[in-house]
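*Asks:* What follows is final12.txt; its format and atoms are compact mmCIF, C-alpha atoms (C1' of nucleotides).
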# COMPACT_ATOMS: atom_id res chain seq x y z
CA MET A 167 -50.12 97.84 4.29
CA PHE A 168 -52.67 99.63 6.50
CA LYS A 169 -51.68 101.02 9.86
CA PRO A 170 -54.29 100.42 12.56
CA LEU A 171 -56.44 103.43 13.39
CA ASP A 172 -56.68 104.40 17.06
CA PRO A 173 -60.39 103.75 17.80
CA LEU A 174 -60.46 106.68 20.17
CA LEU A 175 -59.58 109.11 17.42
CA ASN A 176 -61.57 107.36 14.72
CA SER A 177 -64.66 109.25 15.82
CA GLU A 178 -65.80 112.45 14.19
CA LEU A 179 -66.35 114.38 17.40
CA ARG A 180 -63.28 113.20 19.30
CA LEU A 181 -61.06 113.82 16.29
CA ALA A 182 -62.48 117.33 15.98
CA VAL A 183 -61.83 117.98 19.67
CA ILE A 184 -58.21 116.88 19.47
CA SER A 185 -57.81 118.79 16.25
CA LEU A 186 -59.01 121.96 17.99
CA LEU A 187 -56.78 121.39 21.00
CA ILE A 188 -53.64 120.81 18.95
CA GLY A 189 -51.71 124.02 18.76
CA VAL A 190 -53.56 126.01 21.42
CA GLU A 191 -52.88 126.33 25.14
CA GLU A 192 -56.44 125.48 26.18
CA ILE A 193 -60.10 125.80 25.14
CA GLU A 194 -63.34 126.20 27.00
CA PHE A 195 -66.13 123.63 26.81
CA ASN A 196 -68.46 126.02 25.04
CA GLU A 197 -66.02 127.03 22.37
CA ILE A 198 -65.56 123.38 21.43
CA LYS A 199 -69.30 122.89 21.55
CA GLN A 200 -69.88 125.75 19.14
CA LYS A 201 -67.07 124.91 16.75
CA THR A 202 -68.04 121.25 16.50
CA GLY A 203 -71.79 121.74 16.65
CA ALA A 204 -72.02 118.85 19.12
CA SER A 205 -74.69 118.61 21.79
CA ALA A 206 -73.44 119.29 25.32
CA GLY A 207 -74.30 115.75 26.38
CA ASN A 208 -72.39 114.04 23.66
CA LEU A 209 -69.44 116.39 24.08
CA SER A 210 -69.34 115.71 27.82
CA VAL A 211 -69.23 111.96 27.22
CA GLN A 212 -66.55 112.15 24.55
CA LEU A 213 -64.36 114.49 26.59
CA LYS A 214 -64.48 112.05 29.47
CA LYS A 215 -63.28 109.28 27.18
CA LEU A 216 -60.40 111.40 25.98
CA GLU A 217 -59.56 112.21 29.59
CA GLU A 218 -59.64 108.54 30.61
CA ALA A 219 -57.15 107.81 27.86
CA GLN A 220 -55.08 110.73 29.15
CA TYR A 221 -55.25 112.45 25.79
CA ILE A 222 -56.58 115.60 27.46
CA THR A 223 -56.93 117.11 30.90
CA ILE A 224 -60.20 118.58 32.13
CA LYS A 225 -59.99 121.51 34.50
CA LYS A 226 -63.05 122.69 36.39
CA SER A 227 -63.21 126.22 37.70
CA PHE A 228 -65.51 129.23 37.73
CA LYS A 229 -65.95 132.09 35.30
CA GLY A 230 -67.70 134.72 37.36
CA ASN A 231 -70.39 132.74 39.12
CA TYR A 232 -70.77 130.00 36.54
CA PRO A 233 -68.90 126.74 36.34
CA LEU A 234 -66.32 126.59 33.60
CA THR A 235 -64.74 123.52 32.06
CA THR A 236 -61.42 124.02 30.31
CA LEU A 237 -59.67 121.44 28.14
CA LYS A 238 -56.02 120.97 27.41
CA ILE A 239 -54.21 118.41 25.29
CA THR A 240 -51.47 116.26 26.84
CA THR A 241 -48.25 114.93 25.33
CA ILE A 242 -49.94 111.55 25.07
CA GLY A 243 -52.76 113.21 23.13
CA ILE A 244 -50.40 115.01 20.79
CA ASN A 245 -48.57 111.77 20.06
CA ALA A 246 -51.81 109.90 19.50
CA PHE A 247 -53.00 112.55 17.07
CA GLU A 248 -49.75 112.46 15.14
CA GLN A 249 -49.93 108.68 15.00
CA TYR A 250 -53.50 108.91 13.75
CA VAL A 251 -52.58 111.37 11.02
CA SER A 252 -49.79 109.10 9.87
CA ALA A 253 -52.07 106.05 9.98
CA ILE A 254 -54.96 107.62 8.07
CA LYS A 255 -52.52 108.58 5.34
CA SER A 256 -51.81 104.89 4.79
CA TYR A 257 -55.46 104.60 3.72
CA ILE A 258 -55.97 107.75 1.74
CA ASN A 259 -52.64 107.99 -0.05
CA ILE A 260 -53.14 104.80 -2.00
CA LYS A 261 -55.24 106.94 -4.29
CA LYS A 262 -52.13 108.79 -5.42
CA LYS A 263 -50.87 105.73 -7.28
CA LYS A 264 -53.82 106.20 -9.59
CA SER A 265 -53.63 109.88 -10.46
CA MET B 689 -64.65 124.51 10.04
CA PHE B 690 -64.97 120.70 10.01
CA LYS B 691 -66.54 118.90 7.09
CA PRO B 692 -68.82 116.03 8.11
CA LEU B 693 -67.27 112.58 7.75
CA ASP B 694 -69.28 110.00 5.82
CA PRO B 695 -70.11 107.45 8.56
CA LEU B 696 -69.86 104.63 6.06
CA LEU B 697 -66.23 105.39 5.37
CA ASN B 698 -65.34 106.38 8.90
CA SER B 699 -64.71 102.74 9.72
CA GLU B 700 -61.30 101.16 9.59
CA LEU B 701 -62.29 98.10 7.61
CA ARG B 702 -64.65 99.78 5.13
CA LEU B 703 -62.13 102.54 4.47
CA ALA B 704 -59.44 99.93 3.85
CA VAL B 705 -61.72 98.09 1.43
CA ILE B 706 -62.48 101.21 -0.58
CA SER B 707 -58.84 102.19 -0.47
CA LEU B 708 -57.90 98.82 -1.98
CA LEU B 709 -60.60 99.02 -4.64
CA ILE B 710 -59.64 102.51 -5.77
CA GLY B 711 -57.39 102.24 -8.77
CA VAL B 712 -57.90 98.57 -9.57
CA GLU B 713 -60.42 96.88 -11.86
CA GLU B 714 -61.60 94.39 -9.24
CA ILE B 715 -60.44 92.31 -6.26
CA GLU B 716 -61.38 88.93 -4.88
CA PHE B 717 -62.86 88.50 -1.41
CA ASN B 718 -59.84 86.63 -0.16
CA GLU B 719 -57.31 89.14 -1.32
CA ILE B 720 -59.13 91.84 0.62
CA LYS B 721 -59.40 89.52 3.59
CA GLN B 722 -55.66 88.91 3.59
CA LYS B 723 -54.62 92.49 2.98
CA THR B 724 -56.87 93.88 5.68
CA GLY B 725 -56.48 91.02 8.15
CA ALA B 726 -60.24 91.08 8.72
CA SER B 727 -62.23 88.01 9.69
CA ALA B 728 -64.41 86.61 6.90
CA GLY B 729 -67.56 87.31 8.88
CA ASN B 730 -66.81 90.92 9.54
CA LEU B 731 -65.66 91.46 5.97
CA SER B 732 -68.85 89.90 4.62
CA VAL B 733 -70.99 92.25 6.73
CA GLN B 734 -69.03 95.36 5.82
CA LEU B 735 -69.02 94.55 2.11
CA LYS B 736 -72.78 94.21 2.19
CA LYS B 737 -73.06 97.66 3.73
CA LEU B 738 -70.88 99.14 1.04
CA GLU B 739 -72.98 97.39 -1.55
CA GLU B 740 -76.23 98.68 -0.07
CA ALA B 741 -74.85 102.20 -0.34
CA GLN B 742 -73.88 101.39 -3.92
CA TYR B 743 -70.25 102.17 -3.23
CA ILE B 744 -69.27 98.74 -4.59
CA THR B 745 -70.72 95.91 -6.61
CA ILE B 746 -70.46 92.28 -5.50
CA LYS B 747 -70.19 89.64 -8.19
CA LYS B 748 -70.61 85.96 -7.36
CA SER B 749 -69.13 83.32 -9.63
CA PHE B 750 -66.97 80.20 -9.44
CA LYS B 751 -63.25 79.69 -9.51
CA GLY B 752 -62.86 76.05 -10.33
CA ASN B 753 -65.38 74.35 -8.08
CA TYR B 754 -65.34 76.95 -5.32
CA PRO B 755 -67.53 79.99 -5.01
CA LEU B 756 -65.78 83.25 -5.72
CA THR B 757 -66.81 86.71 -4.66
CA THR B 758 -65.37 89.62 -6.61
CA LEU B 759 -65.64 93.27 -5.62
CA LYS B 760 -65.59 96.37 -7.76
CA ILE B 761 -65.87 100.05 -6.83
CA THR B 762 -68.58 102.19 -8.44
CA THR B 763 -68.54 105.84 -9.45
CA ILE B 764 -70.59 106.59 -6.35
CA GLY B 765 -67.92 104.85 -4.29
CA ILE B 766 -65.09 106.76 -5.92
CA ASN B 767 -66.86 110.05 -5.28
CA ALA B 768 -67.57 109.14 -1.68
CA PHE B 769 -63.94 108.25 -1.12
CA GLU B 770 -62.72 111.50 -2.62
CA GLN B 771 -65.19 113.41 -0.47
CA TYR B 772 -63.96 111.54 2.58
CA VAL B 773 -60.33 112.32 1.83
CA SER B 774 -61.16 115.99 1.46
CA ALA B 775 -63.20 115.98 4.68
CA ILE B 776 -60.62 114.20 6.82
CA LYS B 777 -58.06 116.76 5.72
CA SER B 778 -60.17 119.44 7.36
CA TYR B 779 -59.43 117.69 10.66
CA ILE B 780 -55.81 116.74 10.28
CA ASN B 781 -54.48 119.79 8.47
CA ILE B 782 -55.25 122.14 11.31
CA LYS B 783 -52.03 120.84 12.79
CA LYS B 784 -50.06 122.60 10.07
CA LYS B 785 -50.82 126.00 11.57
CA LYS B 786 -48.64 124.92 14.48
CA SER B 787 -45.53 123.60 12.74
C1' DA C 1287 -90.08 136.71 47.61
C1' DA C 1288 -91.56 133.25 44.95
C1' DT C 1289 -91.10 131.25 40.46
C1' DA C 1290 -89.52 130.98 35.84
C1' DT C 1291 -85.51 130.94 32.89
C1' DT C 1292 -80.82 130.40 31.71
C1' DA C 1293 -75.92 128.66 32.17
C1' DG C 1294 -73.15 124.93 32.19
C1' DG C 1295 -72.85 120.91 32.32
C1' DT C 1296 -73.79 115.20 33.60
C1' DT C 1297 -76.34 110.90 33.53
C1' DT C 1298 -78.81 107.52 31.27
C1' DA C 1299 -81.78 105.28 27.91
C1' DT C 1300 -81.82 103.85 23.21
C1' DA C 1301 -80.58 103.01 18.76
C1' DG C 1302 -76.80 101.90 15.85
C1' DT C 1303 -72.27 99.51 14.86
C1' DA C 1304 -68.46 96.19 14.88
C1' DT C 1305 -66.96 91.80 15.63
C1' DA C 1306 -66.29 86.92 16.27
C1' DA C 1307 -68.48 82.62 16.86
C1' DA C 1308 -71.44 79.54 14.95
C1' DC C 1309 -73.42 78.01 10.90
C1' DT C 1310 -74.28 76.69 5.71
C1' DA C 1311 -73.02 74.47 1.60
C1' DG C 1312 -70.16 72.28 -0.95
C1' DT C 1313 -65.13 70.10 -2.01
C1' DT C 1314 -60.94 67.65 -1.35
C1' DT C 1315 -58.18 64.24 0.81
C1' DA C 1316 -57.02 60.16 3.46
C1' DT D 758 -66.97 57.74 4.08
C1' DA D 759 -65.56 60.68 7.30
C1' DA D 760 -62.53 64.31 8.51
C1' DA D 761 -60.80 68.54 7.22
C1' DC D 762 -60.84 72.39 4.26
C1' DT D 763 -62.77 76.43 1.07
C1' DA D 764 -65.56 80.24 0.84
C1' DG D 765 -68.28 82.56 2.57
C1' DT D 766 -73.16 84.16 5.56
C1' DT D 767 -75.95 84.69 9.65
C1' DT D 768 -76.51 85.88 14.24
C1' DA D 769 -75.52 86.81 19.06
C1' DT D 770 -73.01 89.93 21.87
C1' DA D 771 -70.39 93.54 23.34
C1' DC D 772 -69.22 98.20 22.28
C1' DT D 773 -70.28 103.06 20.75
C1' DA D 774 -72.63 107.34 19.68
C1' DT D 775 -76.17 110.29 20.56
C1' DA D 776 -79.91 112.99 22.36
C1' DA D 777 -83.26 113.40 25.88
C1' DA D 778 -83.85 113.96 30.47
C1' DC D 779 -81.84 115.47 34.42
C1' DC D 780 -79.06 118.31 37.96
C1' DT D 781 -77.29 122.43 40.45
C1' DA D 782 -76.76 127.01 40.94
C1' DA D 783 -77.33 131.83 39.19
C1' DT D 784 -80.07 135.37 37.28
C1' DA D 785 -84.28 137.52 35.61
C1' DT D 786 -89.31 138.30 35.95
C1' DT D 787 -93.81 139.30 38.39
Write out the structure in this file as structure tokens.

*Replies:*
Amino acid sequence: MFKPLDPLLNSELRLAVISLLIGVEEIEFNEIKQKTGASAGNLSVQLKKLEEAQYITIKKSFKGNYPLTTLKITTIGINAFEQYVSAIKSYINIKKKKS
Amino acid sequence: MFKPLDPLLNSELRLAVISLLIGVEEIEFNEIKQKTGASAGNLSVQLKKLEEAQYITIKKSFKGNYPLTTLKITTIGINAFEQYVSAIKSYINIKKKKS
DNA sequence: AATATTAGGTTTATAGTATAAACTAGTTTA
DNA sequence: TAAACTAGTTTATACTATAAACCTAATATT
């Protein structure tokens, strides 16, 4: 009936992050921060969770003199996202029986 | 970019409940319990939250000698669900630019 | 040349949320 | 009449999200 929803992706911010990472090579911390409107603190925490689950990799380097954090999605992350999309459809497509 | 996700519906169980209620007149507590696999306690709590938000109405009666709880979606609930569906698509449809 | 400000984050305290276990109230069955 | 079951509700606990406070180093200001 209903497919279980990956708790890691059933979070507004983490879903937005993965959504942004899908289809691009990599993104910088600040670009994600701006596009999602998240606070740096919250974003930092959520990125770490995604990294722990191996959905993304976090690369630390320097841009000029400043530290720079770059994010990249992994195969595991891509698969998880695709699974999530398929699962959420099992909830929202029921509506179609009505219309 | 990303539409905000109604926190009330961004929950596996509550989304499943609303999904089940969409398109039917009403459902009994136990049918929802079975179809979602939720524990009675958790379901009771989540239903109350949906009721507080006026997404559903909870009717208490008797079936034979046993108490019977029947759930029904409201117009507010239908609208919230449709909003949620539209919002979640802003996260999962980004993928399409890739394929 | 001190000191204030900004960049780019991380850590942590707190409030909010989900869940199952324990409980209530009554019913059926042995 | 006591054990087990129906149909839930309440509550204790663990988990989660978030922003405020913090950190380190670079740059700008006086």

*Asks:* Could you give me, as a tab-separated table, every chain C residue with an atom at most 12 Å from chain B, plus its closest atom pair and distance in Å to one decimal, counting all atoms listed in the file, rows ordered by chain then number?

*Replies:*
residue	atom	partner	partner_atom	distance
C:DG1302	C1'	B:Pro695	CA	11.3
C:DT1303	C1'	B:Ser699	CA	9.7
C:DA1304	C1'	B:Asn730	CA	7.7
C:DT1305	C1'	B:Asn730	CA	6.2
C:DA1306	C1'	B:Gly729	CA	7.5
C:DA1307	C1'	B:Gly729	CA	9.3
C:DA1308	C1'	B:Gly729	CA	10.6
C:DC1309	C1'	B:Gly729	CA	11.2
C:DA1311	C1'	B:Pro755	CA	10.2
C:DG1312	C1'	B:Tyr754	CA	8.0
C:DT1313	C1'	B:Asn753	CA	7.4
C:DT1314	C1'	B:Asn753	CA	10.5

*Asks:* Please determine, counting only C-alpha atoms (C1' of nucleotides), which residue among D:DT781, D:DT787, D:DT770, D:DT775 has the shortest atom-to-atom distance to chain A.

*Replies:*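 Looking only at the distances to chain A, the closest residue turns out to be D:DT775.
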
*Asks:* Please identify all residues of chain D having at least one atom at most 10 Å from any atom of chain A, considering all atoms listed in the file, and return them as a PDB file with C-alpha atoms (C1' of nucleotides), in the coordinates of the input.

*Replies:*
ATOM      1  C1'  DT D 773     -70.280 103.060  20.750  1.00  0.00           C
ATOM      2  C1'  DA D 774     -72.630 107.340  19.680  1.00  0.00           C
ATOM      3  C1'  DT D 775     -76.170 110.290  20.560  1.00  0.00           C
ATOM      4  C1'  DA D 776     -79.910 112.990  22.360  1.00  0.00           C
ATOM      5  C1'  DA D 777     -83.260 113.400  25.880  1.00  0.00           C
ATOM      6  C1'  DA D 782     -76.760 127.010  40.940  1.00  0.00           C
ATOM      7  C1'  DA D 783     -77.330 131.830  39.190  1.00  0.00           C
TER       8       DA D 783
END

*Asks:* Please identify every residue of chain B that has at least one atom no more than 8 Å from any atom of chain A, counting only C-alpha atoms, and report them as a PyMOL selection string.

*Replies:* chain B and resi 689-690+692-693+698-700+703-704+707-708+710-711+723-724+773+779-780+782-783+785-786

*Asks:* Per residue of chain C within 12 Å of region 234-246 of chain A, note the shortest atom pair and the distance in Å to one decimal, counting all atoms listed in the file, and order the rows by chain and increasing residue number, as CSV.

*Replies:*
residue,atom,partner,partner_atom,distance
C:DA1293,C1',A:Leu234,CA,9.9
C:DG1294,C1',A:Leu234,CA,7.2
C:DG1295,C1',A:Thr235,CA,8.5

*Asks:* Between CA of Ile720 (chain B) and CA of Ser732 (chain B), what is the spacing in Å?

*Replies:* 10.7 Å

*Asks:* Grab the CA of Glu714 (chain B) to CA of Ala775 (chain B) distance for me, in Å with one decimal place.

*Replies:*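 The value is 25.7 Å.
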
*Asks:* Calculate how many Å separate CA of Lys215 (chain A) from C1' of DC780 (chain D), rounding to one decimal.

*Replies:* 21.1 Å
